[in-house]
Every structure is written in C-alpha cells, then in structure tokens.
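protein-v3.cif follows; it contains mmCIF, C-alpha atoms.
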data_data
#
loop_
_atom_site.label_atom_id
_atom_site.label_comp_id
_atom_site.auth_asym_id
_atom_site.auth_seq_id
_atom_site.Cartn_x
_atom_site.Cartn_y
_atom_site.Cartn_z
CA MET E 545 136.02 171.40 96.89
CA PRO E 546 136.72 167.81 95.85
CA GLU E 547 140.50 168.13 96.18
CA LEU E 548 140.31 168.94 99.86
CA ASP E 549 137.89 166.10 100.46
CA ASP E 550 140.23 163.78 98.57
CA LEU E 551 143.11 164.86 100.81
CA ILE E 552 141.02 164.31 103.92
CA ASP E 553 140.21 160.83 102.66
CA ALA E 554 143.91 160.27 101.95
CA LEU E 555 144.85 161.25 105.50
CA ARG E 556 142.26 158.85 106.83
CA ALA E 557 143.71 156.17 104.56
CA ASP E 558 147.20 156.85 105.91
CA THR E 559 146.00 156.44 109.48
CA ALA E 560 144.17 153.26 108.51
CA GLN E 561 147.54 151.61 108.01
CA ALA E 562 148.56 152.18 111.61
CA ARG E 563 149.12 149.06 113.66
CA TRP E 564 147.22 148.93 116.91
CA ASP E 565 147.81 146.95 120.03
CA ASP E 566 145.22 144.27 120.49
CA ALA E 567 142.53 145.44 122.92
CA ALA E 568 143.39 142.67 125.39
CA VAL E 569 147.08 143.64 125.30
CA LEU E 570 146.23 147.30 125.86
CA ARG E 571 143.96 146.44 128.79
CA ALA E 572 146.59 144.19 130.34
CA ARG E 573 149.22 146.89 130.04
CA ALA E 574 146.91 149.46 131.64
CA ASP E 575 146.06 147.05 134.45
CA ARG E 576 149.73 146.34 135.13
CA ARG E 577 150.38 150.05 135.30
CA SER E 578 147.46 150.57 137.68
CA ARG E 579 148.77 147.83 139.96
CA ARG E 580 152.29 149.29 139.92
CA ARG E 581 150.93 152.70 140.80
CA GLN E 582 148.74 151.35 143.54
CA ILE E 583 151.77 149.66 145.03
CA ALA E 584 153.81 152.84 144.64
CA ALA E 585 151.06 154.85 146.29
CA THR E 586 150.85 152.39 149.14
CA VAL E 587 154.61 152.50 149.61
CA ALA E 588 154.57 156.30 149.49
CA ALA E 589 151.75 156.46 152.01
CA ALA E 590 153.58 154.02 154.26
CA ALA E 591 156.75 156.07 153.96
CA ILE E 592 154.88 159.18 155.05
CA LEU E 593 153.26 157.34 157.94
CA LEU E 594 156.61 156.04 159.10
CA GLY E 595 158.08 159.51 159.20
CA GLY E 596 159.11 159.28 155.60
CA THR E 597 161.36 162.30 155.45
CA GLY E 598 164.42 160.22 156.20
CA LEU E 599 163.30 157.42 153.92
CA ILE E 600 162.66 159.79 151.02
CA PHE E 601 166.07 161.34 151.63
CA ALA E 602 167.65 157.91 151.54
CA VAL E 603 165.85 157.01 148.32
CA GLY E 604 166.94 160.33 146.88
CA ARG E 605 170.57 159.50 147.64
CA THR E 606 170.28 156.32 145.58
CA GLY E 607 169.40 158.46 142.56
CA ARG E 608 166.10 156.73 141.93
CA PRO E 609 163.14 158.81 140.83
CA ALA E 610 160.33 159.33 143.29
CA PRO E 611 157.30 157.09 142.82
CA PRO E 612 154.68 158.48 140.45
CA ALA E 613 152.20 160.87 141.94
CA VAL E 614 148.72 159.46 142.11
CA THR E 615 145.35 161.07 141.67
CA ALA E 616 142.31 159.99 143.60
CA SER E 617 141.16 157.91 140.70
CA GLY E 618 144.36 155.93 140.68
CA THR E 619 145.91 157.59 137.67
CA ALA E 620 149.54 158.44 137.97
CA THR E 621 150.70 161.89 137.08
CA PRO E 622 153.73 162.02 134.78
CA THR E 623 156.85 162.36 136.87
CA PRO E 624 159.77 164.28 135.37
CA GLU E 625 162.79 162.26 134.34
CA PRO E 626 165.57 162.30 136.93
CA THR E 627 167.60 164.59 134.70
CA THR E 628 164.87 167.22 134.55
CA PRO E 629 165.98 170.20 136.61
CA LYS E 630 163.41 171.14 139.22
CA PRO E 631 162.84 174.73 140.29
CA THR E 632 164.05 175.33 143.81
CA PRO E 633 161.46 177.02 145.96
CA THR E 634 162.76 180.02 147.84
CA THR E 635 160.71 179.10 150.89
CA PRO E 636 160.14 175.72 152.51
CA GLN E 637 157.73 173.78 150.35
CA THR E 638 154.23 173.89 151.72
CA SER E 639 152.55 172.61 148.60
CA ALA E 640 151.36 169.09 148.02
CA THR E 641 152.35 169.09 144.35
CA ALA E 642 155.41 166.91 144.96
CA SER E 643 152.95 164.05 145.48
CA VAL E 644 149.84 165.48 143.93
CA VAL E 645 146.54 164.06 144.95
CA ILE E 646 143.48 165.71 143.47
CA PRO E 647 140.50 163.98 145.05
CA ALA E 648 137.04 164.38 143.63
CA ALA E 649 136.12 166.31 146.76
CA ALA E 650 138.50 169.08 145.66
CA LEU E 651 136.12 169.98 142.83
CA LEU E 652 132.81 171.78 142.84
CA THR E 653 129.81 169.50 142.96
CA PRO E 654 126.42 169.82 141.24
CA ALA E 655 125.06 170.89 144.64
CA ASP E 656 127.52 173.80 144.62
CA ALA E 657 126.35 174.81 141.15
CA GLY E 658 122.74 174.88 142.30
CA PRO E 659 119.50 172.93 142.26
CA GLY E 660 118.99 170.74 139.21
CA TYR E 661 122.63 170.58 138.08
CA VAL E 662 124.04 167.20 137.07
CA THR E 663 127.56 166.01 136.28
CA LEU E 664 128.23 165.63 132.57
CA SER E 665 131.74 164.24 132.68
CA GLN E 666 134.98 164.09 134.63
CA PHE E 667 138.50 164.20 133.27
CA ASP E 668 142.03 163.80 134.55
CA ALA E 669 142.56 167.07 132.75
CA PRO E 670 141.29 170.62 132.97
CA TYR E 671 137.69 171.06 131.93
CA ALA E 672 137.50 172.21 128.30
CA PRO E 673 137.09 174.54 126.52
CA ASN E 674 140.21 176.63 126.77
CA PRO E 675 139.03 180.27 126.71
CA PHE E 676 142.23 181.44 125.08
CA VAL E 677 141.81 179.38 121.93
CA ASN E 678 139.93 182.30 120.36
CA CYS E 679 142.95 184.50 120.86
CA GLY E 680 145.30 182.17 119.06
CA SER E 681 146.60 180.27 122.10
CA ASP E 682 146.49 176.50 121.77
CA GLY E 683 146.81 175.88 125.49
CA TYR E 684 146.76 177.36 128.93
CA PRO E 685 149.78 179.49 129.81
CA HIS E 686 152.68 177.40 131.17
CA ASP E 687 151.04 174.11 130.21
CA SER E 688 154.43 172.47 130.50
CA ASP E 689 154.50 173.19 134.25
CA LEU E 690 151.19 171.43 134.83
CA VAL E 691 151.77 168.26 136.87
CA ALA E 692 148.20 167.16 137.53
CA ALA E 693 144.68 168.25 136.80
CA HIS E 694 141.17 167.10 137.41
CA GLY E 695 138.09 168.62 135.83
CA THR E 696 134.37 168.16 135.77
CA GLY E 697 131.55 169.53 133.65
CA MET E 698 128.03 170.14 134.94
CA SER E 699 124.83 171.36 133.34
CA LYS E 700 121.26 172.06 134.27
CA PRO E 701 118.99 170.11 131.91
CA GLY E 702 116.49 172.28 130.15
CA THR E 703 118.63 175.40 130.44
CA SER E 704 121.57 176.80 128.50
CA SER E 705 123.73 177.01 131.61
CA THR E 706 126.91 174.98 132.01
CA VAL E 707 129.53 175.01 134.74
CA GLY E 708 133.01 173.60 134.43
CA ALA E 709 135.34 173.20 137.39
CA SER E 710 139.00 172.24 137.41
CA VAL E 711 141.80 172.00 139.89
CA LEU E 712 145.25 172.40 138.35
CA ALA E 713 148.50 171.57 140.13
CA PHE E 714 151.73 173.12 138.87
CA ARG E 715 155.39 172.57 139.55
CA PRO E 716 156.47 174.25 142.77
CA GLY E 717 156.80 177.97 142.38
CA THR E 718 155.31 178.23 138.87
CA ALA E 719 151.59 178.85 139.49
CA HIS E 720 152.14 182.59 139.85
CA ALA E 721 153.72 182.57 136.39
CA VAL E 722 150.53 180.96 135.07
CA MET E 723 148.52 183.86 136.49
CA ALA E 724 151.00 186.30 134.98
CA GLY E 725 150.67 184.46 131.65
CA ILE E 726 146.89 184.80 131.78
CA ASN E 727 147.26 188.49 132.55
CA ASP E 728 149.59 188.86 129.57
CA LEU E 729 146.98 187.24 127.34
CA LEU E 730 144.27 189.55 128.68
CA THR E 731 146.30 192.64 127.93
CA GLY E 732 147.78 191.22 124.73
CA ALA E 733 146.38 188.66 122.30
CA CYS E 734 143.02 188.35 124.07
CA HIS E 735 142.46 192.08 124.54
CA GLY E 736 138.97 192.80 123.25
CA HIS E 737 137.93 189.14 123.48
CA LEU E 738 138.22 188.67 127.23
CA THR E 739 137.93 191.26 129.98
CA LEU E 740 139.20 191.21 133.56
CA VAL E 741 136.25 192.26 135.72
CA ASP E 742 137.47 191.43 139.20
CA HIS E 743 140.59 190.25 140.99
CA ASP E 744 139.41 189.85 144.54
CA LEU E 745 138.14 186.30 144.79
CA GLY E 746 140.58 185.22 147.48
CA GLY E 747 143.70 183.08 147.26
CA ASP E 748 147.17 184.44 146.55
CA GLU E 749 145.98 185.82 143.22
CA SER E 750 142.63 185.62 141.49
CA MET E 751 140.78 186.80 138.42
CA LEU E 752 137.22 186.94 137.19
CA ILE E 753 137.26 187.15 133.40
CA ARG E 754 134.33 187.82 131.10
CA GLY E 755 134.01 186.73 127.49
CA GLU E 756 131.12 187.26 125.08
CA ASP E 757 130.60 185.94 121.57
CA ALA E 758 129.92 188.48 118.88
CA GLU E 759 127.31 186.27 117.21
CA PRO E 760 124.02 185.11 118.69
CA GLY E 761 123.57 181.41 119.40
CA ASN E 762 120.83 179.09 118.23
CA ALA E 763 118.29 180.37 120.70
CA GLY E 764 119.01 183.98 119.75
CA GLY E 765 120.94 184.80 122.91
CA ARG E 766 124.64 185.54 122.99
CA ARG E 767 127.01 183.18 124.72
CA ILE E 768 128.44 184.84 127.81
CA ALA E 769 131.19 183.13 129.74
CA TYR E 770 132.86 183.93 133.04
CA TYR E 771 136.11 182.35 134.18
CA ALA E 772 136.83 182.49 137.89
CA ILE E 773 140.49 181.63 138.53
CA VAL E 774 141.94 181.45 142.03
CA GLN E 775 145.57 180.58 142.73
CA ARG E 776 146.75 179.32 146.12
CA GLY E 777 150.34 178.16 146.34
CA ASP E 778 150.98 175.71 143.52
CA LEU E 779 147.29 175.05 142.91
CA ILE E 780 144.71 176.83 140.80
CA ALA E 781 140.95 176.44 141.05
CA TRP E 782 139.37 177.29 137.71
CA VAL E 783 135.64 177.67 137.14
CA ASN E 784 133.93 178.25 133.78
CA VAL E 785 130.35 179.48 133.78
CA VAL E 786 128.55 179.73 130.44
CA ASP E 787 125.05 180.93 129.74
CA TYR E 788 123.05 182.23 126.80
CA ALA E 789 120.17 183.63 128.80
CA ASN E 790 121.81 186.98 129.67
CA ARG E 791 121.40 186.40 133.41
CA ALA E 792 121.97 189.56 135.39
CA ASP E 793 123.54 187.62 138.23
CA LEU E 794 125.98 185.60 136.12
CA ALA E 795 129.10 187.50 137.25
CA ALA E 796 128.12 187.22 140.92
CA TYR E 797 127.31 183.54 140.42
CA ALA E 798 130.72 182.90 138.84
CA ARG E 799 132.47 184.84 141.61
CA THR E 800 130.67 182.82 144.28
CA LEU E 801 131.56 179.55 142.56
CA GLY E 802 135.19 180.63 142.18
CA THR E 803 135.46 181.38 145.87
CA ARG E 804 133.71 178.15 146.73
CA ALA E 805 135.98 176.19 144.37
CA ALA E 806 139.08 177.59 146.07
CA GLN E 807 137.69 176.66 149.48
CA ARG E 808 136.96 173.13 148.33
CA MET E 809 140.40 172.83 146.76
CA CYS E 810 142.25 173.93 149.87
CA ALA E 811 140.03 171.88 152.15
CA SER E 812 140.95 168.73 150.23
CA ILE E 813 144.55 169.48 149.27
CA ARG E 814 147.10 171.34 151.36
CA CYS E 815 147.43 174.70 149.55
CA MET N 1474 133.34 145.51 137.48
CA ARG N 1475 134.54 146.90 134.16
CA ASP N 1476 132.97 145.73 130.93
CA ALA N 1477 135.94 144.46 128.89
CA GLU N 1478 133.79 143.52 125.92
CA GLY N 1479 132.22 146.96 125.81
CA PHE N 1480 135.62 148.61 126.05
CA ASP N 1481 137.05 146.43 123.27
CA GLU N 1482 134.16 147.34 121.00
CA PHE N 1483 134.62 151.02 121.84
CA TYR N 1484 138.38 150.80 121.20
CA ARG N 1485 138.01 149.09 117.84
CA GLY N 1486 135.15 151.29 116.73
CA THR N 1487 136.61 154.69 117.59
CA ARG N 1488 140.40 154.42 117.40
CA GLN N 1489 140.59 155.30 113.71
CA ARG N 1490 138.71 158.54 114.21
CA LEU N 1491 140.78 159.40 117.28
CA LEU N 1492 144.03 158.81 115.43
CA ALA N 1493 142.91 160.93 112.46
CA TYR N 1494 141.90 163.69 114.87
CA LEU N 1495 145.18 163.61 116.78
CA TYR N 1496 147.25 163.32 113.64
CA ALA N 1497 145.48 166.25 112.02
CA THR N 1498 145.79 168.25 115.23
CA GLY N 1499 149.43 167.55 115.97
CA GLY N 1500 150.87 166.72 112.58
CA ASP N 1501 152.96 163.75 113.69
CA LEU N 1502 151.57 160.29 113.08
CA ALA N 1503 153.86 158.45 115.52
CA GLU N 1504 153.10 160.91 118.31
CA ALA N 1505 149.42 160.80 117.51
CA GLN N 1506 149.34 157.03 117.67
CA ASP N 1507 151.20 156.94 120.95
CA ALA N 1508 148.88 159.54 122.44
CA ALA N 1509 145.85 157.60 121.20
CA GLN N 1510 147.06 154.34 122.74
CA GLU N 1511 147.79 156.14 125.99
CA ALA N 1512 144.35 157.75 125.99
CA TYR N 1513 142.70 154.35 125.54
CA ALA N 1514 144.84 152.85 128.31
CA ARG N 1515 143.66 155.60 130.65
CA ALA N 1516 140.10 155.09 129.45
CA TRP N 1517 140.32 151.44 130.44
CA GLN N 1518 141.70 152.37 133.87
CA HIS N 1519 138.61 154.55 134.39
CA TRP N 1520 136.21 152.47 132.32
CA ALA N 1521 133.84 151.93 135.23
CA ASP N 1522 133.10 155.66 135.02
CA VAL N 1523 134.03 156.57 131.45
CA GLY N 1524 132.01 153.70 129.97
CA GLY N 1525 128.93 155.20 131.54
CA TYR N 1526 129.41 158.66 130.06
CA GLY N 1527 127.12 159.74 127.28
CA ASP N 1528 130.05 160.27 124.92
CA PRO N 1529 133.17 158.36 126.00
CA GLU N 1530 134.76 159.17 122.65
CA ALA N 1531 134.82 162.84 123.68
CA TRP N 1532 136.66 161.77 126.84
CA VAL N 1533 139.43 159.94 124.97
CA ARG N 1534 139.63 162.79 122.48
CA THR N 1535 140.15 165.30 125.28
CA VAL N 1536 142.65 163.09 127.09
CA GLY N 1537 144.50 162.34 123.84
CA TRP N 1538 144.68 166.00 123.00
CA ARG N 1539 145.92 166.86 126.48
CA ILE N 1540 148.63 164.24 126.14
CA LEU N 1541 149.72 165.76 122.84
CA ALA N 1542 149.54 169.29 124.20
CA ASN N 1543 151.71 168.62 127.21
CA ARG N 1544 155.18 169.46 126.02
CA TRP N 1545 157.04 167.46 128.55
CA ARG N 1546 154.82 164.49 127.92
CA LYS N 1547 155.36 165.02 124.23
CA LEU N 1548 159.12 164.76 124.53
CA ARG N 1549 158.85 161.71 126.70
CA GLY N 1550 156.25 160.23 124.36
CA GLN N 1551 158.69 160.50 121.49
CA LEU N 1552 161.11 158.35 123.43
CA VAL N 1553 158.37 155.90 124.34
CA ALA N 1554 157.15 155.79 120.75
CA TYR N 1555 160.69 155.25 119.56
CA ARG N 1556 161.25 152.43 122.03
CA ARG N 1557 157.86 150.90 121.28
CA HIS N 1558 157.67 151.30 117.53
CA GLY N 1559 161.19 151.85 116.31
CA VAL N 1560 162.00 154.59 113.83
CA ALA N 1561 159.62 153.99 110.97
CA ALA N 1562 159.31 150.29 110.44
CA ASP N 1563 155.85 150.04 111.98
CA ILE N 1564 154.44 153.24 110.56
CA PRO N 1565 154.18 153.65 106.81
CA ALA N 1566 155.30 156.99 105.46
CA PRO N 1567 152.38 159.36 104.91
CA SER N 1568 151.41 160.27 101.37
CA GLU N 1569 152.57 163.55 99.85
CA GLY N 1570 149.02 164.86 99.97
CA THR N 1571 148.73 164.07 103.66
CA VAL N 1572 151.97 165.86 104.46
CA ALA N 1573 150.73 168.92 102.56
CA LEU N 1574 147.34 168.80 104.26
CA VAL N 1575 148.82 168.49 107.75
CA ALA N 1576 151.24 171.33 107.03
CA ALA N 1577 148.35 173.49 105.79
CA LEU N 1578 146.26 172.63 108.85
CA ARG N 1579 149.03 173.81 111.14
CA ARG N 1580 148.91 177.23 109.46
CA LEU N 1581 145.21 177.71 110.18
CA PRO N 1582 144.08 179.79 113.15
CA ALA N 1583 143.66 177.48 116.14
CA GLU N 1584 139.88 177.77 116.36
CA GLN N 1585 139.43 176.98 112.65
CA ARG N 1586 141.81 174.04 112.88
CA LEU N 1587 139.96 172.65 115.89
CA ALA N 1588 136.60 172.90 114.13
CA ILE N 1589 137.97 171.29 110.95
CA VAL N 1590 139.67 168.37 112.67
CA LEU N 1591 136.75 167.66 115.00
CA HIS N 1592 134.18 167.73 112.22
CA HIS N 1593 136.05 166.40 109.20
CA PHE N 1594 138.56 164.06 110.83
CA ALA N 1595 136.91 162.94 114.05
CA GLY N 1596 133.45 162.87 112.48
CA VAL N 1597 131.87 164.98 115.22
CA PRO N 1598 128.55 166.59 114.16
CA VAL N 1599 128.50 170.38 114.01
CA GLU N 1600 126.16 170.63 116.99
CA GLN N 1601 128.52 168.58 119.15
CA VAL N 1602 131.54 170.56 117.97
CA ALA N 1603 129.69 173.65 119.19
CA GLU N 1604 128.99 172.03 122.53
CA GLN N 1605 132.53 170.77 122.99
CA THR N 1606 134.24 174.01 122.02
CA GLY N 1607 131.77 176.20 123.85
CA VAL N 1608 130.66 178.35 120.92
CA PRO N 1609 127.37 178.69 119.00
CA VAL N 1610 126.58 176.41 116.07
CA GLY N 1611 126.71 179.39 113.72
CA THR N 1612 130.24 180.14 114.83
CA VAL N 1613 131.30 176.55 114.18
CA LYS N 1614 129.78 176.68 110.69
CA ALA N 1615 131.60 179.93 109.99
CA ARG N 1616 134.88 178.48 111.24
CA LEU N 1617 134.41 175.40 109.07
CA SER N 1618 133.65 177.51 106.02
CA ARG N 1619 136.55 179.89 106.57
CA GLY N 1620 138.86 177.04 107.48
CA ARG N 1621 138.06 175.13 104.31
CA GLN N 1622 138.58 178.25 102.21
CA ALA N 1623 141.89 178.92 103.92
CA LEU N 1624 142.97 175.30 103.49
CA ALA N 1625 142.07 175.34 99.82
CA ALA N 1626 144.08 178.52 99.32
CA LEU N 1627 147.08 177.14 101.18
CA LEU N 1628 146.98 173.88 99.24
CA ALA N 1629 146.58 175.70 95.91
CA THR N 1630 149.60 177.85 96.72
CA LYS N 1631 151.58 174.73 97.57
CA ALA N 1632 150.53 173.05 94.30
CA THR N 1633 151.56 176.13 92.30
CA GLU N 1634 154.92 176.25 94.07
CA ASP N 1635 155.46 172.56 93.31
CA GLU N 1636 154.62 173.10 89.64
CA HIS N 1637 157.09 175.95 89.38
CA ALA N 1638 159.73 173.89 91.13
#
Can you turn what I pasted into structure tokens?
Amino acid sequence: MPELDDLIDALRADTAQARWDDAAVLRARADRRSRRRQIAATVAAAAILLGGTGLIFAVGRTGRPAPPAVTASGTATPTPEPTTPKPTPTTPQTSATASVVIPAAALLTPADAGPGYVTLSQFDAPYAPNPFVNCGSDGYPHDSDLVAAHGTGMSKPGTSSTVGASVLAFRPGTAHAVMAGINDLLTGACHGHLTLVDHDLGGDESMLIRGEDAEPGNAGGRRIAYYAIVQRGDLIAWVNVVDYANRADLAAYARTLGTRAAQRMCASIRC
Amino acid sequence: MRDAEGFDEFYRGTRQRLLAYLYATGGDLAEAQDAAQEAYARAWQHWADVGGYGDPEAWVRTVGWRILANRWRKLRGQLVAYRRHGVAADIPAPSEGTVALVAALRRLPAEQRLAIVLHHFAGVPVEQVAEQTGVPVGTVKARLSRGRQALAALLATKATEDEHA
C-alpha cells in the first residue's frame, strides 16, 4: 500500500516544519513555572496555617483566581479560569480537591502488590491503558471533570503479571457521575467486553470489573484484566490487574488491592 | 541534580515522533505542538525521575496524550497556542494529503487508530505497542492490518469523490 505509506511520510514531513522552542528556553520556562508554583504552594500552606479561611475569602473578593493546586511532585494541576462556573456542593465541602495534593503515599506500592514487584513508571496521569478504549471510548467517563491524577505501573519480572494503580481527583460533586458513566459503559457500549463482578469493595461506590481478550497472547494464555474502582467523595482509587496465567485468585487479588488502594488514598488525602 | 544535557538530547531526538503521534491522534497540528511542548516541560520538571525510566518517550507520549484528551485543557491550550504562536504564521499549512489522512484516521475505531499512530507515526515497535495498550501482540497486528485496510478504503473513497467533484 504505497499510497498510504506516502501519506504517512507526508504527515511526518509536515510536522518536520514545526518550529520548536530551544531546549534551554523550554527548560528555563519549566523551571520558572516550578518556582512560581512552589511559591504559590508555600503561600497556600501559610494561608492554611494562619487560619486561611478569612484570607482565602479576602482573596476571593478581589476576583483573583486561587493559586494552582500542587501535586506532591511539584506539578501544578490546571486551575479553571475564573469565568468557569464551579458546581456548588449541596453539603459542606469535605473533599481536598479544591487544593489537590496526591502524594506518592496515596498510591499502592510494590510491597502492596506482593513480593518481587517493582515500579515500572509513575505519571501525573491515570495509569494506562484505558479499559474502555476497546468499546469505542477514547477516555474515561467525565474526563473533563478530572482535576488531578497520579498513576504508577508495577510488574513482577519473569511473570506476565502487571498492576497499575491510580488516584483520580474530580471536581467537587462529580465523582459519582464518573461511576455512573462507567456503569453506563458496562451496560451499554462495553457490554460483552467488560463485566461487573462485584460492587462491594468499600468507599461510597465501588466496582470490580473483569475483561478478557478473545485471542490468546504470545505465551498461549489469554489476557485477563480486573479493574477495581473505589470512589470516596471526590476521589477515585483505580487498580488494574492484568495476567495471562489464568490465576484462580486473580479476582480476589484485585479486590484486595482495590480495598487497599482506597485505604491508602484516604489515609494520605482527606476523602 | 537533573541532567540538562541528557534532557536536551532526549528532547531533540524524540520531539518529531511525539508531534507526529499527537498530530495523528488529535488531528490539529497547533494543538499537538502545544501539547508536545507542555509534555516536555513537565518531563523536565520531573527529569530526575523520568530520565531514569526505561522508556521516557512513553512517559511524554502518555502525558502529551492526556493533555490533548483533557477537554478543558484543550480549550485553554488553544488560547495559549494562539497567544504563543499566533494564528498560522509559525505553522505551515498541512498538505492536502495530510489533511485527508488525519481526517481518515479520525474515522477509524479508537483501538485501530491508537495502534496505527503508535506504530506508524511514533515508531513504537509492535511488541511495545502491545505492552503499552495492554493487549496481545497478535491483537496489535490485527488492529494494524485492519486499520490500514480501513484507511486505504477511506482514502480511496475520498480520492474518488475528489475526482468526481
């Protein structure tokens, strides 16, 4: 199919004309941003320590946006523009999502996953892959309400087992809609691909979902995945467990990790 | 201490593939470039960790994709891109073939599109596409094959329509 290959080459050629910031300029810009956010975080922390309710109220009256939320790794979470309407919670806000901090301790660790597991990677994003991509969904339900996320991938060398863990923080009052969106996918587009096997993992709402590939993998085994999803307040702990070895205890393992992930999340962040 | 030289080499050596991947995924060159620059800026902020990963390119790819996928971020990014780059002065118009290809890619099923852009545009080997998308190698090969067939059909239809026009 030479024509397609020619078009692919043409697209690459188009992108080759793009102008890039010099690496030093890009680094300097990122460093400036980090410093600004560190200062903002320090100011925010000081405001809280000084009984910041009044201070925040005063800042709010000036019409200035709140300082960017900061993750444990120093990365700011996008803050909505001042004109963006914010949902009004019907109860006093108990969530920490207004100034989201997702520390590394909020995530499962290799020790939680079991002996021999090691960390593959960490992201300021949910751990991929998105299980709904096979049902035609490009993203998680209510992606636009996601305000912060942190994810990590772990594997056990020499085995086909991988564990992904994410903590997702949503705009106040929207996390339940995420769970409803997942449920809609399970009964709609993903029906037949993914199956709800349990919904009693703790939290306000929870799900244990099973997915299995129709085709065998390289080693002859089928890929079986479990997704343990636990929502507490505006936060969701999300665990992916994948294995090809047809382990009999995989569902129980995923359920245990999901429960553990929710405990870690709420121990590190006020749920 | 972060390794600036190592980061610069990584940035220069991978940015073209990342941009092609994001452009093919999202279909908008200005947005893709802004998301790519943002992904590299975040990579530098975390370079002490990211630089030590086995595949830091996968990290910027994931972060870049997340930036594109976030709708709110996308809207804001358009404003940032506009302020940073202007309307079109800095970005040459794409060729007719590229526009047709990107349009055809957007009509593919999501899993086929992801396999195609990772393998053909980001240059990711089939085995790594399988690892990163969480499916068997055979499934990736099938998606690539079906995706290419679907793309060819979509592009042929477009060419026929153009001829008739």
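With all atoms listed in the file as the atoms that count, the minimum distance from Ala796 (chain E) to the choices E:Val644, E:Val741, E:Asp778, E:Glu749 is reached by E:Val741.
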Looking at all atoms listed in the file, which of N:Ala1508, N:Leu1591, N:Ala1514, N:Ile1540 is the one that sits closest to chain E?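 Checking each candidate against chain E, we get N:Ala1514 as the closest.
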Which protein, DNA or RNA residues have an atom at most 9 Å from (137.7, 178.8, 107.9), counting all atoms listed in the file? List them as a ChimeraX atom specification. /N:1581-1582,1584-1586,1588-1589,1614-1624
What is the distance between CA of Gln1601 (chain N) and CA of Asn790 (chain E), in Å to one decimal?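 Separating CA of Gln1601 (chain N) from CA of Asn790 (chain E) is a distance of 22.2 Å.
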Residues matched by the PyMOL selection byres ((chain E and resi 718-729) around 8) as a PDB file with C-alpha atoms, in the frame of the given file:
ATOM      1  CA  PHE E 676     142.230 181.440 125.080  1.00  0.00           C
ATOM      2  CA  TYR E 684     146.760 177.360 128.930  1.00  0.00           C
ATOM      3  CA  PRO E 685     149.780 179.490 129.810  1.00  0.00           C
ATOM      4  CA  HIS E 686     152.680 177.400 131.170  1.00  0.00           C
ATOM      5  CA  ASP E 689     154.500 173.190 134.250  1.00  0.00           C
ATOM      6  CA  ALA E 713     148.500 171.570 140.130  1.00  0.00           C
ATOM      7  CA  PHE E 714     151.730 173.120 138.870  1.00  0.00           C
ATOM      8  CA  ARG E 715     155.390 172.570 139.550  1.00  0.00           C
ATOM      9  CA  PRO E 716     156.470 174.250 142.770  1.00  0.00           C
ATOM     10  CA  GLY E 717     156.800 177.970 142.380  1.00  0.00           C
ATOM     11  CA  LEU E 730     144.270 189.550 128.680  1.00  0.00           C
ATOM     12  CA  THR E 731     146.300 192.640 127.930  1.00  0.00           C
ATOM     13  CA  GLY E 732     147.780 191.220 124.730  1.00  0.00           C
ATOM     14  CA  ALA E 733     146.380 188.660 122.300  1.00  0.00           C
ATOM     15  CA  CYS E 734     143.020 188.350 124.070  1.00  0.00           C
ATOM     16  CA  HIS E 735     142.460 192.080 124.540  1.00  0.00           C
ATOM     17  CA  GLU E 749     145.980 185.820 143.220  1.00  0.00           C
ATOM     18  CA  SER E 750     142.630 185.620 141.490  1.00  0.00           C
ATOM     19  CA  GLN E 775     145.570 180.580 142.730  1.00  0.00           C
ATOM     20  CA  GLY E 777     150.340 178.160 146.340  1.00  0.00           C
ATOM     21  CA  ASP E 778     150.980 175.710 143.520  1.00  0.00           C
ATOM     22  CA  LEU E 779     147.290 175.050 142.910  1.00  0.00           C
ATOM     23  CA  ILE E 780     144.710 176.830 140.800  1.00  0.00           C
TER      24      ILE E 780
END
Can you translate the PyMOL selection byres ((chain E and resi 663) around 9) into the concrete residues it hits in this file, as a VMD selection string? chain E and resid 653 to 654 661 to 662 664 to 666 696 to 700
Reconstructed region 700-713 of chain E, atom set N, CA and C atoms, as an mmCIF file, in the frame of the given file:
data_model
loop_
_atom_site.group_PDB
_atom_site.id
_atom_site.type_symbol
_atom_site.label_atom_id
_atom_site.label_comp_id
_atom_site.auth_asym_id
_atom_site.auth_seq_id
_atom_site.Cartn_x
_atom_site.Cartn_y
_atom_site.Cartn_z
ATOM 1 N N LYS E 700 122.609 172.126 133.714
ATOM 2 C CA LYS E 700 121.260 172.060 134.270
ATOM 3 C C LYS E 700 120.327 171.729 133.113
ATOM 4 N N PRO E 701 119.833 170.505 133.045
ATOM 5 C CA PRO E 701 118.990 170.110 131.910
ATOM 6 C C PRO E 701 117.829 171.081 131.723
ATOM 7 N N GLY E 702 117.589 171.380 130.459
ATOM 8 C CA GLY E 702 116.490 172.280 130.150
ATOM 9 C C GLY E 702 116.889 173.743 130.141
ATOM 10 N N THR E 703 118.155 174.013 130.482
ATOM 11 C CA THR E 703 118.630 175.400 130.440
ATOM 12 C C THR E 703 119.888 175.457 129.573
ATOM 13 N N SER E 704 120.362 176.662 129.314
ATOM 14 C CA SER E 704 121.570 176.800 128.500
ATOM 15 C C SER E 704 122.800 177.003 129.390
ATOM 16 N N SER E 705 122.664 176.719 130.669
ATOM 17 C CA SER E 705 123.730 177.010 131.610
ATOM 18 C C SER E 705 124.643 175.803 131.808
ATOM 19 N N THR E 706 125.940 176.034 131.704
ATOM 20 C CA THR E 706 126.910 174.980 132.010
ATOM 21 C C THR E 706 127.974 175.531 132.959
ATOM 22 N N VAL E 707 128.475 174.647 133.786
ATOM 23 C CA VAL E 707 129.530 175.010 134.740
ATOM 24 C C VAL E 707 130.658 173.985 134.608
ATOM 25 N N GLY E 708 131.854 174.480 134.457
ATOM 26 C CA GLY E 708 133.010 173.600 134.430
ATOM 27 C C GLY E 708 133.909 173.947 135.611
ATOM 28 N N ALA E 709 134.456 172.943 136.246
ATOM 29 C CA ALA E 709 135.340 173.200 137.390
ATOM 30 C C ALA E 709 136.591 172.341 137.244
ATOM 31 N N SER E 710 137.724 172.963 137.491
ATOM 32 C CA SER E 710 139.000 172.240 137.410
ATOM 33 C C SER E 710 139.883 172.625 138.576
ATOM 34 N N VAL E 711 140.702 171.692 138.974
ATOM 35 C CA VAL E 711 141.800 172.000 139.890
ATOM 36 C C VAL E 711 143.090 171.630 139.156
ATOM 37 N N LEU E 712 144.001 172.584 139.077
ATOM 38 C CA LEU E 712 145.250 172.400 138.350
ATOM 39 C C LEU E 712 146.408 172.484 139.346
ATOM 40 N N ALA E 713 147.320 171.551 139.260
ATOM 41 C CA ALA E 713 148.500 171.570 140.130
ATOM 42 C C ALA E 713 149.733 171.799 139.262
#
